[in-house]
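Engineer: entry26.tsv is the file, holding TSV, C-alpha atoms:
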chain	number	residue	atom	x	y	z
L	14	MET	CA	98.99	-42.63	7.80
L	15	ALA	CA	102.10	-40.78	6.78
L	16	LYS	CA	100.19	-37.51	6.67
L	17	GLU	CA	98.79	-38.09	10.15
L	18	LYS	CA	102.31	-38.56	11.55
L	19	GLU	CA	103.45	-35.33	9.92
L	20	THR	CA	100.56	-33.37	11.41
L	21	GLN	CA	101.28	-34.83	14.83
L	22	GLU	CA	104.99	-33.93	14.61
L	23	LYS	CA	104.38	-30.32	13.51
L	24	PRO	CA	102.86	-29.24	16.83
L	25	LYS	CA	105.84	-30.78	18.60
L	26	LYS	CA	108.21	-28.75	16.47
L	27	SER	CA	106.34	-25.52	17.22
L	28	LYS	CA	106.47	-26.27	20.95
L	29	ASN	CA	110.17	-26.98	20.65
L	30	ARG	CA	110.65	-23.67	18.87
L	31	ILE	CA	108.81	-21.84	21.63
L	32	PHE	CA	111.07	-23.43	24.24
L	33	LEU	CA	114.14	-22.98	22.06
L	34	PHE	CA	113.60	-19.25	21.39
L	35	GLY	CA	111.04	-18.09	23.91
L	36	ILE	CA	112.76	-19.12	27.13
L	37	PRO	CA	116.15	-17.55	26.27
L	38	ILE	CA	114.41	-14.34	25.19
L	39	LEU	CA	112.41	-14.31	28.43
L	40	LEU	CA	115.61	-14.86	30.45
L	41	LEU	CA	117.34	-12.02	28.60
L	42	LEU	CA	114.44	-9.69	29.37
L	43	ILE	CA	114.51	-10.58	33.05
L	44	MET	CA	118.28	-10.14	33.24
L	45	GLY	CA	118.05	-6.83	31.38
L	46	GLY	CA	115.41	-5.59	33.80
L	47	GLY	CA	117.55	-6.63	36.75
L	48	ALA	CA	120.62	-4.91	35.28
L	49	GLY	CA	118.59	-1.77	34.63
L	50	ALA	CA	117.28	-1.75	38.20
L	51	TYR	CA	120.82	-2.24	39.51
L	52	PHE	CA	122.21	0.67	37.50
L	53	LEU	CA	119.31	2.90	38.51
L	54	GLY	CA	120.24	2.32	42.15
L	55	VAL	CA	117.31	0.21	43.31
L	56	PHE	CA	119.59	-2.42	44.89
L	57	ASN	CA	122.37	-0.23	46.32
L	58	GLY	CA	120.41	1.19	49.24
L	59	ASP	CA	120.31	4.73	47.87
L	60	PRO	CA	117.67	6.38	50.06
L	61	ALA	CA	116.77	8.91	47.38
L	62	ARG	CA	115.60	6.13	45.08
L	63	SER	CA	114.07	3.75	47.58
L	64	PRO	CA	110.34	3.53	48.26
L	65	GLU	CA	110.92	5.03	51.70
L	66	ALA	CA	112.51	8.14	50.16
L	67	SER	CA	109.58	10.35	51.04
L	68	ASP	CA	109.87	9.35	54.72
L	69	ASN	CA	113.63	9.99	54.69
L	70	ASN	CA	113.17	13.38	53.06
L	71	THR	CA	110.69	14.35	55.76
L	72	GLN	CA	113.21	13.37	58.45
L	73	ASN	CA	116.01	15.27	56.69
L	74	THR	CA	113.99	18.47	56.51
L	75	GLN	CA	113.18	18.17	60.21
L	76	GLU	CA	116.89	17.74	61.00
L	77	VAL	CA	117.76	20.81	58.94
L	78	GLN	CA	115.14	22.87	60.76
L	79	THR	CA	116.53	21.92	64.19
L	80	LEU	CA	119.98	23.43	63.68
L	81	GLY	CA	121.75	23.98	66.99
L	82	PRO	CA	123.61	27.10	68.06
L	83	LEU	CA	126.60	27.97	65.86
L	84	VAL	CA	130.00	29.08	67.12
L	85	GLU	CA	132.25	30.79	64.57
L	86	MET	CA	135.96	30.38	64.96
L	87	GLU	CA	138.64	32.71	63.66
L	88	ASP	CA	140.17	31.92	60.29
L	89	PHE	CA	143.24	29.70	60.40
L	90	VAL	CA	146.22	29.97	58.06
L	91	VAL	CA	148.66	27.05	58.05
L	92	ASN	CA	151.58	25.92	55.90
L	93	ILE	CA	151.08	22.74	53.91
L	94	THR	CA	153.63	20.98	51.73
L	95	HIS	CA	153.33	20.43	48.00
L	96	LYS	CA	156.18	18.56	46.34
L	97	ASP	CA	159.24	20.71	47.09
L	98	SER	CA	157.40	23.94	47.86
L	99	THR	CA	155.24	25.31	50.62
L	100	ARG	CA	151.64	26.36	50.18
L	101	PHE	CA	149.19	28.04	52.49
L	102	LEU	CA	145.81	26.76	53.57
L	103	LYS	CA	143.26	29.20	54.93
L	104	ILE	CA	140.23	27.65	56.57
L	105	GLY	CA	137.26	29.16	58.32
L	106	ILE	CA	135.33	26.91	60.66
L	107	THR	CA	131.92	27.15	62.28
L	108	LEU	CA	130.93	24.58	64.89
L	109	GLU	CA	127.37	23.48	65.60
L	110	VAL	CA	126.66	22.61	69.22
L	111	GLU	CA	123.69	21.08	71.03
L	112	ASP	CA	122.55	23.99	73.20
L	113	GLU	CA	123.64	27.20	74.92
L	114	LYS	CA	125.28	25.26	77.73
L	115	SER	CA	127.47	23.57	75.11
L	116	VAL	CA	128.47	26.99	73.72
L	117	GLU	CA	129.95	27.90	77.09
L	118	ALA	CA	131.78	24.57	77.36
L	119	LEU	CA	133.22	25.06	73.89
L	120	LYS	CA	134.36	28.63	74.59
L	121	LYS	CA	136.26	27.43	77.67
L	122	ARG	CA	138.19	24.96	75.49
L	123	MET	CA	138.70	27.31	72.51
L	124	PRO	CA	142.53	27.56	72.84
L	125	GLN	CA	142.78	23.75	72.80
L	126	VAL	CA	140.38	23.52	69.87
L	127	ALA	CA	142.39	26.11	67.92
L	128	ASP	CA	145.59	24.20	68.66
L	129	ALA	CA	144.02	20.97	67.39
L	130	VAL	CA	142.86	22.67	64.19
L	131	LEU	CA	146.30	24.16	63.54
L	132	LEU	CA	148.10	20.86	64.16
L	133	LEU	CA	145.73	18.67	62.17
L	134	ALA	CA	145.36	21.03	59.20
L	135	GLY	CA	149.05	21.92	59.15
L	136	ASN	CA	150.00	18.26	59.00
L	137	ARG	CA	148.23	17.78	55.64
L	138	ARG	CA	149.83	17.82	52.21
L	139	PHE	CA	148.31	19.56	49.21
L	140	GLU	CA	147.60	16.17	47.63
L	141	ASP	CA	145.62	15.19	50.73
L	142	ILE	CA	143.14	18.06	50.50
L	143	GLN	CA	142.83	18.86	46.81
L	144	ASP	CA	139.78	16.66	46.23
L	145	LEU	CA	136.44	16.32	48.01
L	146	GLN	CA	137.38	13.10	49.75
L	147	GLY	CA	140.45	14.72	51.30
L	148	LYS	CA	138.44	17.69	52.54
L	149	MET	CA	135.81	15.39	54.02
L	150	GLN	CA	138.54	13.36	55.74
L	151	LEU	CA	140.03	16.54	57.23
L	152	LYS	CA	136.56	17.56	58.40
L	153	ALA	CA	135.97	14.16	60.03
L	154	ASP	CA	139.39	14.22	61.74
L	155	LEU	CA	138.83	17.74	63.06
L	156	LEU	CA	135.35	16.91	64.34
L	157	ALA	CA	136.56	13.77	66.11
L	158	ARG	CA	139.44	15.64	67.76
L	159	ILE	CA	137.22	18.53	68.87
L	160	LYS	CA	134.61	16.15	70.26
L	161	GLY	CA	137.38	14.45	72.21
L	162	LEU	CA	138.45	17.78	73.73
L	163	VAL	CA	135.05	19.30	74.48
L	164	GLY	CA	132.92	16.24	75.11
L	165	GLN	CA	131.26	13.73	72.85
L	166	GLY	CA	127.73	15.16	72.82
L	167	THR	CA	128.62	18.85	72.87
L	168	VAL	CA	129.73	19.52	69.27
L	169	THR	CA	127.35	18.02	66.71
L	170	ASN	CA	128.83	19.22	63.41
L	171	LEU	CA	131.65	21.16	61.81
L	172	TYR	CA	131.27	23.39	58.76
L	173	PHE	CA	134.00	24.86	56.58
L	174	THR	CA	133.03	28.46	55.88
L	175	ASP	CA	136.27	29.24	54.06
L	176	PHE	CA	138.73	26.90	52.36
L	177	VAL	CA	141.48	28.47	50.26
L	178	VAL	CA	144.76	26.90	49.15
L	179	GLN	CA	147.40	29.23	47.75
Have the structure of the file written as structure tokens, please.

Structural biologist:
Amino acid sequence: MAKEKETQEKPKKSKNRIFLFGIPILLLLIMGGGAGAYFLGVFNGDPARSPEASDNNTQNTQEVQTLGPLVEMEDFVVNITHKDSTRFLKIGITLEVEDEKSVEALKKRMPQVADAVLLLAGNRRFEDIQDLQGKMQLKADLLARIKGLVGQGTVTNLYFTDFVVQ
């Protein structure tokens, strides 16, 4: 009888060991897989890593192919401050517009656009434009101001063709 009880208890112990070690190991594997997926960008909405990436890439190449007319502006040189000294910022800008009609509307407003560029760029400090985020902020501010002058749908994008700080 004593041997029968021992044989009946041994399977219970092996089941307990499976639950004791197997479940935590399984949970660690699941959590590790989730952490790996998070760090690879599956959960952050990165379109390059999502399953729809091939559809997005197709749309992006179509957008690149349908570039609107470009209007080059003269280079601008403005003073910017840096600590106790003055520096110079030279920027070249090209504007993308919707169509040829928009080119004419932009050319009529070119003195106002140039004034806006000079005022906005000249109001920056060196610390504001030394990194990518600062340059992108200047670009966004310029584009918003130009769209306000020319018309919301006329200018579609702004490109820096020259950006030198001295």

Engineer: Would you pick out the contacts of stretch 87-98 of chain L at 10 Å or less, using all atoms listed in the file, so that residues sharing its chain but fewer than 5 positions from it are not included, and give the list as a PDB file with C-alpha atoms, in the coordinates of the input?

Structural biologist:
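After the write, around-v6.pdb holds the following:
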ATOM      1  CA  LYS L 103     143.260  29.200  54.930  1.00  0.00           C
ATOM      2  CA  ILE L 104     140.230  27.650  56.570  1.00  0.00           C
ATOM      3  CA  GLY L 105     137.260  29.160  58.320  1.00  0.00           C
ATOM      4  CA  ILE L 106     135.330  26.910  60.660  1.00  0.00           C
ATOM      5  CA  THR L 107     131.920  27.150  62.280  1.00  0.00           C
ATOM      6  CA  ALA L 127     142.390  26.110  67.920  1.00  0.00           C
ATOM      7  CA  VAL L 130     142.860  22.670  64.190  1.00  0.00           C
ATOM      8  CA  LEU L 131     146.300  24.160  63.540  1.00  0.00           C
ATOM      9  CA  LEU L 132     148.100  20.860  64.160  1.00  0.00           C
ATOM     10  CA  LEU L 133     145.730  18.670  62.170  1.00  0.00           C
ATOM     11  CA  ALA L 134     145.360  21.030  59.200  1.00  0.00           C
ATOM     12  CA  GLY L 135     149.050  21.920  59.150  1.00  0.00           C
ATOM     13  CA  ASN L 136     150.000  18.260  59.000  1.00  0.00           C
ATOM     14  CA  ARG L 137     148.230  17.780  55.640  1.00  0.00           C
ATOM     15  CA  ARG L 138     149.830  17.820  52.210  1.00  0.00           C
ATOM     16  CA  PHE L 139     148.310  19.560  49.210  1.00  0.00           C
ATOM     17  CA  GLU L 140     147.600  16.170  47.630  1.00  0.00           C
ATOM     18  CA  ASP L 141     145.620  15.190  50.730  1.00  0.00           C
ATOM     19  CA  ILE L 142     143.140  18.060  50.500  1.00  0.00           C
ATOM     20  CA  THR L 174     133.030  28.460  55.880  1.00  0.00           C
ATOM     21  CA  ASP L 175     136.270  29.240  54.060  1.00  0.00           C
ATOM     22  CA  PHE L 176     138.730  26.900  52.360  1.00  0.00           C
ATOM     23  CA  VAL L 177     141.480  28.470  50.260  1.00  0.00           C
ATOM     24  CA  VAL L 178     144.760  26.900  49.150  1.00  0.00           C
ATOM     25  CA  GLN L 179     147.400  29.230  47.750  1.00  0.00           C
TER      26      GLN L 179
END

Engineer: Can you pull out the residues contacting stretch 154-170 of chain L? Cut-off 12 Å, using all atoms listed in the file, and skip same-chain residues under 5 positions away; I want them as a count of residues only.

Structural biologist: 43

Engineer: Counting all atoms listed in the file, which of L:Phe173, L:Gly47, L:Leu41, L:Leu33 gets nearest to L:Met86?

Structural biologist: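 Of L:Phe173, L:Gly47, L:Leu41, L:Leu33, the one nearest L:Met86 is L:Phe173, counting all atoms listed in the file.
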
Engineer: Would you mind putting N, CA and C atoms back on stretch 95-124 of chain L and writing the result as a tab-separated table (two decimals), keeping the file's coordinate frame?

Structural biologist:
chain	number	residue	atom	x	y	z
L	95	HIS	N	153.72	20.86	49.34
L	95	HIS	CA	153.33	20.43	48.00
L	95	HIS	C	154.61	20.20	47.22
L	96	LYS	N	154.93	18.95	47.00
L	96	LYS	CA	156.18	18.56	46.34
L	96	LYS	C	157.35	19.19	47.08
L	97	ASP	N	158.08	20.09	46.43
L	97	ASP	CA	159.24	20.71	47.09
L	97	ASP	C	158.96	22.13	47.56
L	98	SER	N	157.72	22.57	47.46
L	98	SER	CA	157.40	23.94	47.86
L	98	SER	C	156.42	23.95	49.02
L	99	THR	N	156.18	25.14	49.53
L	99	THR	CA	155.24	25.31	50.62
L	99	THR	C	154.04	26.10	50.12
L	100	ARG	N	152.88	25.66	50.51
L	100	ARG	CA	151.64	26.36	50.18
L	100	ARG	C	150.96	26.76	51.47
L	101	PHE	N	149.95	27.60	51.33
L	101	PHE	CA	149.19	28.04	52.49
L	101	PHE	C	147.76	27.56	52.38
L	102	LEU	N	147.21	27.16	53.49
L	102	LEU	CA	145.81	26.76	53.57
L	102	LEU	C	145.12	27.70	54.55
L	103	LYS	N	144.07	28.34	54.08
L	103	LYS	CA	143.26	29.20	54.93
L	103	LYS	C	141.90	28.55	55.08
L	104	ILE	N	141.53	28.26	56.33
L	104	ILE	CA	140.23	27.65	56.57
L	104	ILE	C	139.46	28.44	57.62
L	105	GLY	N	138.19	28.60	57.36
L	105	GLY	CA	137.26	29.16	58.32
L	105	GLY	C	136.35	28.06	58.80
L	106	ILE	N	136.11	28.01	60.09
L	106	ILE	CA	135.33	26.91	60.66
L	106	ILE	C	134.22	27.48	61.53
L	107	THR	N	133.04	26.88	61.39
L	107	THR	CA	131.92	27.15	62.28
L	107	THR	C	131.49	25.82	62.88
L	108	LEU	N	131.33	25.80	64.18
L	108	LEU	CA	130.93	24.58	64.89
L	108	LEU	C	129.48	24.67	65.31
L	109	GLU	N	128.75	23.58	65.11
L	109	GLU	CA	127.37	23.48	65.60
L	109	GLU	C	127.40	22.71	66.90
L	110	VAL	N	126.71	23.25	67.91
L	110	VAL	CA	126.66	22.61	69.22
L	110	VAL	C	125.20	22.30	69.58
L	111	GLU	N	125.03	21.52	70.65
L	111	GLU	CA	123.69	21.08	71.03
L	111	GLU	C	122.81	22.21	71.57
L	112	ASP	N	123.35	22.97	72.53
L	112	ASP	CA	122.55	23.99	73.20
L	112	ASP	C	123.44	25.10	73.72
L	113	GLU	N	122.87	26.07	74.40
L	113	GLU	CA	123.64	27.20	74.92
L	113	GLU	C	124.65	26.78	75.98
L	114	LYS	N	124.34	25.77	76.73
L	114	LYS	CA	125.28	25.26	77.73
L	114	LYS	C	126.54	24.72	77.03
L	115	SER	N	126.35	24.10	75.88
L	115	SER	CA	127.47	23.57	75.11
L	115	SER	C	128.33	24.69	74.53
L	116	VAL	N	127.71	25.84	74.23
L	116	VAL	CA	128.47	26.99	73.72
L	116	VAL	C	129.49	27.42	74.77
L	117	GLU	N	129.05	27.49	76.01
L	117	GLU	CA	129.95	27.90	77.09
L	117	GLU	C	131.08	26.88	77.29
L	118	ALA	N	130.76	25.60	77.21
L	118	ALA	CA	131.78	24.57	77.36
L	118	ALA	C	132.80	24.65	76.23
L	119	LEU	N	132.33	24.94	75.04
L	119	LEU	CA	133.22	25.06	73.89
L	119	LEU	C	134.12	26.29	74.02
L	120	LYS	N	133.57	27.40	74.46
L	120	LYS	CA	134.36	28.63	74.59
L	120	LYS	C	135.47	28.47	75.64
L	121	LYS	N	135.23	27.68	76.66
L	121	LYS	CA	136.26	27.43	77.67
L	121	LYS	C	137.43	26.66	77.08
L	122	ARG	N	137.16	25.81	76.11
L	122	ARG	CA	138.19	24.96	75.49
L	122	ARG	C	138.71	25.53	74.16
L	123	MET	N	138.36	26.75	73.82
L	123	MET	CA	138.70	27.31	72.51
L	123	MET	C	140.20	27.32	72.21
L	124	PRO	N	141.10	27.64	73.16
L	124	PRO	CA	142.53	27.56	72.84
L	124	PRO	C	142.98	26.14	72.46
